[in-house]
>>> print(open('work30.txt').read())   # compact mmCIF, C-alpha atoms
# COMPACT_ATOMS: atom_id res chain seq x y z
CA MET A 1 -41.39 -12.50 -51.84
CA ARG A 2 -42.33 -12.05 -48.21
CA ARG A 3 -43.50 -8.52 -48.89
CA LEU A 4 -45.69 -9.68 -51.77
CA LEU A 5 -47.28 -12.33 -49.56
CA THR A 6 -47.98 -9.73 -46.85
CA ILE A 7 -49.61 -7.39 -49.36
CA ALA A 8 -51.72 -10.18 -50.86
CA THR A 9 -52.87 -11.29 -47.41
CA SER A 10 -53.79 -7.73 -46.46
CA VAL A 11 -55.77 -7.21 -49.66
CA ALA A 12 -57.66 -10.49 -49.14
CA PHE A 13 -58.47 -9.58 -45.54
CA PHE A 14 -59.84 -6.14 -46.38
CA ALA A 15 -61.77 -7.53 -49.36
CA ALA A 16 -63.50 -10.01 -47.05
CA LEU A 17 -64.40 -7.21 -44.64
CA GLY A 18 -65.87 -5.24 -47.51
CA LEU A 19 -68.28 -8.07 -48.31
CA ALA A 20 -69.72 -8.17 -44.78
CA GLU A 21 -73.30 -6.99 -44.36
CA THR A 22 -75.28 -5.96 -41.30
CA TRP A 23 -78.78 -7.10 -40.39
CA SER A 24 -80.81 -5.48 -37.60
CA GLY A 25 -83.92 -7.18 -36.33
CA GLN A 26 -85.31 -9.49 -33.66
CA LEU A 27 -83.70 -12.74 -32.46
CA PHE A 28 -85.90 -15.80 -32.11
CA ASP A 29 -85.49 -19.45 -31.11
CA ALA A 30 -84.86 -21.37 -34.36
CA THR A 31 -86.13 -24.68 -32.98
CA CYS A 32 -89.42 -23.08 -31.96
CA MET A 33 -89.73 -21.32 -35.32
CA SER A 34 -89.20 -24.61 -37.19
CA GLN A 35 -92.26 -25.97 -35.38
CA GLN A 36 -94.26 -23.16 -37.04
CA LYS A 37 -95.14 -21.40 -33.80
CA SER A 38 -95.81 -17.67 -33.64
CA MET A 39 -92.89 -15.30 -33.29
CA GLN A 40 -94.14 -14.06 -29.91
CA ALA A 41 -93.99 -17.63 -28.58
CA CYS A 42 -90.42 -18.09 -29.86
CA THR A 43 -88.59 -15.48 -27.79
CA PRO A 44 -85.14 -16.89 -26.96
CA THR A 45 -84.48 -18.07 -23.43
CA SER A 46 -81.33 -19.03 -21.54
CA SER A 47 -81.69 -22.57 -22.89
CA THR A 48 -81.90 -21.53 -26.57
CA THR A 49 -79.00 -22.86 -28.65
CA GLU A 50 -80.13 -22.13 -32.23
CA PHE A 51 -81.23 -18.70 -33.40
CA VAL A 52 -82.82 -16.92 -36.33
CA ILE A 53 -82.95 -13.18 -36.92
CA ALA A 54 -86.10 -11.69 -38.44
CA VAL A 55 -85.44 -8.68 -40.65
CA ASN A 56 -88.27 -7.00 -42.58
CA GLY A 57 -90.43 -10.14 -42.60
CA LYS A 58 -87.62 -12.50 -43.68
CA THR A 59 -85.81 -14.87 -41.33
CA TYR A 60 -82.16 -15.85 -41.52
CA LYS A 61 -80.59 -18.70 -39.55
CA LEU A 62 -77.28 -18.10 -37.79
CA ASP A 63 -74.36 -20.44 -38.42
CA ASP A 64 -72.91 -22.55 -35.58
CA ALA A 65 -70.38 -19.88 -34.61
CA GLY A 66 -73.15 -17.28 -34.71
CA ASN A 67 -75.32 -19.37 -32.42
CA THR A 68 -72.45 -19.59 -29.93
CA LYS A 69 -71.92 -15.82 -30.13
CA ALA A 70 -75.66 -15.21 -29.65
CA VAL A 71 -75.75 -17.41 -26.52
CA GLU A 72 -72.83 -15.42 -25.09
CA ALA A 73 -74.39 -12.08 -26.05
CA LEU A 74 -77.68 -13.04 -24.37
CA LYS A 75 -75.79 -14.12 -21.26
CA ASN A 76 -73.92 -10.80 -21.16
CA ARG A 77 -77.20 -8.93 -21.68
CA ALA A 78 -78.73 -10.76 -18.72
CA ASP A 79 -75.68 -9.94 -16.59
CA ARG A 80 -76.15 -6.21 -17.29
CA THR A 81 -79.81 -6.21 -16.25
CA ALA A 82 -80.34 -4.67 -12.84
CA PRO A 83 -81.60 -7.16 -10.26
CA GLY A 84 -85.33 -6.82 -9.73
CA ALA A 85 -85.78 -4.54 -12.74
CA PRO A 86 -89.01 -5.22 -14.64
CA ALA A 87 -88.68 -6.56 -18.16
CA THR A 88 -89.78 -3.87 -20.59
CA SER A 89 -90.20 -6.29 -23.48
CA SER A 90 -89.58 -9.94 -24.18
CA ALA A 91 -88.36 -9.15 -27.70
CA VAL A 92 -84.61 -9.39 -28.23
CA ALA A 93 -83.30 -6.78 -30.67
CA ALA A 94 -80.01 -7.66 -32.33
CA SER A 95 -77.59 -6.46 -34.94
CA VAL A 96 -75.64 -9.13 -36.83
CA SER A 97 -72.66 -8.55 -39.11
CA GLY A 98 -71.43 -11.22 -41.48
CA THR A 99 -71.99 -12.74 -44.89
CA ALA A 100 -75.14 -14.39 -46.18
CA GLU A 101 -75.03 -17.80 -47.81
CA GLY A 102 -78.61 -18.39 -48.89
CA ASP A 103 -80.77 -18.06 -45.77
CA ILE A 104 -77.85 -18.67 -43.37
CA ILE A 105 -75.70 -15.86 -42.03
CA LYS A 106 -72.05 -16.63 -41.36
CA VAL A 107 -71.72 -14.37 -38.31
CA ASP A 108 -68.70 -12.17 -37.68
CA THR A 109 -70.19 -10.15 -34.80
CA ILE A 110 -73.48 -9.90 -32.96
CA GLN A 111 -74.79 -7.22 -30.65
CA VAL A 112 -77.87 -7.80 -28.52
CA ARG A 113 -79.85 -4.88 -27.09
>>> encode(input="work30.txt", output="structure tokens")
Amino acid sequence: MRRLLTIATSVAFFAALGLAETWSGQLFDATCMSQQKSMQACTPTSSTTEFVIAVNGKTYKLDDAGNTKAVEALKNRADRTAPGAPATSSAVAASVSGTAEGDIIKVDTIQVR
């Protein structure tokens, strides 16, 4: 019985991983975007707590866990920047893996470049 449960759990886990998708695009401040401002004006800052990712002209909101992961990823990105280095672009490129539920992505992982 224990072996059957282990096999069933393993199959369910790998099936869930198989359903994950990846989106690559630009991260923006969701609060700013909801106020219908331009994308250039909605570049995320250190105080941003809600994010959207724009992929091929469509925007997807990140779930609560995804927002937390994005805040951490942005913080880590800022920590890697050399002191005094000029900013090459204010755009934040990101790659998000997870599952879509309508226009919300349930984030598994996020990488910010």
>>> closest_residue(input="work30.txt", among="A:Ala8, A:Ala100, A:Met39, A:Val107", to="A:Gln26", atoms="only C-alpha atoms")
A:Met39
>>> atom_distance(input="work30.txt", atom1="atom CA of A:Asn76", atom2="atom CA of A:Thr99")
23.9 Å
>>> atom_distance(input="work30.txt", atom1="atom CA of A:Tyr60", atom2="atom CA of A:Leu74")
17.9 Å
>>> atom_distance(input="work30.txt", atom1="atom CA of A:Val92", atom2="atom CA of A:Pro44")
7.6 Å
>>> residues_near_point(input="work30.txt", point="(-89.2, -22.5, -30.1)", cutoff="9 Å", atoms="all atoms listed in the file", output="CSV table (one decimal) with C-alpha atoms, in the frame of the given file")
chain,number,residue,atom,x,y,z
A,28,PHE,CA,-85.9,-15.8,-32.1
A,29,ASP,CA,-85.5,-19.4,-31.1
A,30,ALA,CA,-84.9,-21.4,-34.4
A,31,THR,CA,-86.1,-24.7,-33.0
A,32,CYS,CA,-89.4,-23.1,-32.0
A,33,MET,CA,-89.7,-21.3,-35.3
A,34,SER,CA,-89.2,-24.6,-37.2
A,35,GLN,CA,-92.3,-26.0,-35.4
A,36,GLN,CA,-94.3,-23.2,-37.0
A,37,LYS,CA,-95.1,-21.4,-33.8
A,38,SER,CA,-95.8,-17.7,-33.6
A,39,MET,CA,-92.9,-15.3,-33.3
A,41,ALA,CA,-94.0,-17.6,-28.6
A,42,CYS,CA,-90.4,-18.1,-29.9
A,43,THR,CA,-88.6,-15.5,-27.8
A,44,PRO,CA,-85.1,-16.9,-27.0
A,48,THR,CA,-81.9,-21.5,-26.6
>>> residues_around(input="work30.txt", residues="A:Gly66", least_positions_apart="4", cutoff="10 Å", atoms="all atoms listed in the file", output="number ranges by chain")
A: 50-52, 61-62, 70-72, 96-98, 104-110
>>> closest_residue(input="work30.txt", among="A:Leu4, A:Ile53, A:Ala94, A:Val11", to="A:Val112", atoms="only C-alpha atoms")
A:Ala94
>>> axis_aligned_box(input="work30.txt", around="stretch 4-11 of chain A", padding_each_side="3 Å", output="AutoDock Vina command-line options")
--center_x -50.7 --center_y -9.8 --center_z -49.1 --size_x 16.1 --size_y 11.1 --size_z 11.3
>>> closest_residue(input="work30.txt", among="A:Ser47, A:Thr59, A:Ser24, A:Ser90", to="A:Lys75", atoms="all atoms listed in the file")
A:Ser47
>>> closest_residue(input="work30.txt", among="A:Asp103, A:Thr6, A:Ala93, A:Leu27", to="A:Asn67", atoms="only C-alpha atoms")
A:Leu27
>>> closest_residue(input="work30.txt", among="A:Arg2, A:Thr49, A:Trp23, A:Asp63", to="A:Gln111", atoms="all atoms listed in the file")
A:Trp23
>>> closest_residue(input="work30.txt", among="A:Asp64, A:Gly25, A:Gln40, A:Ser10", to="A:Ser95", atoms="all atoms listed in the file")
A:Gly25
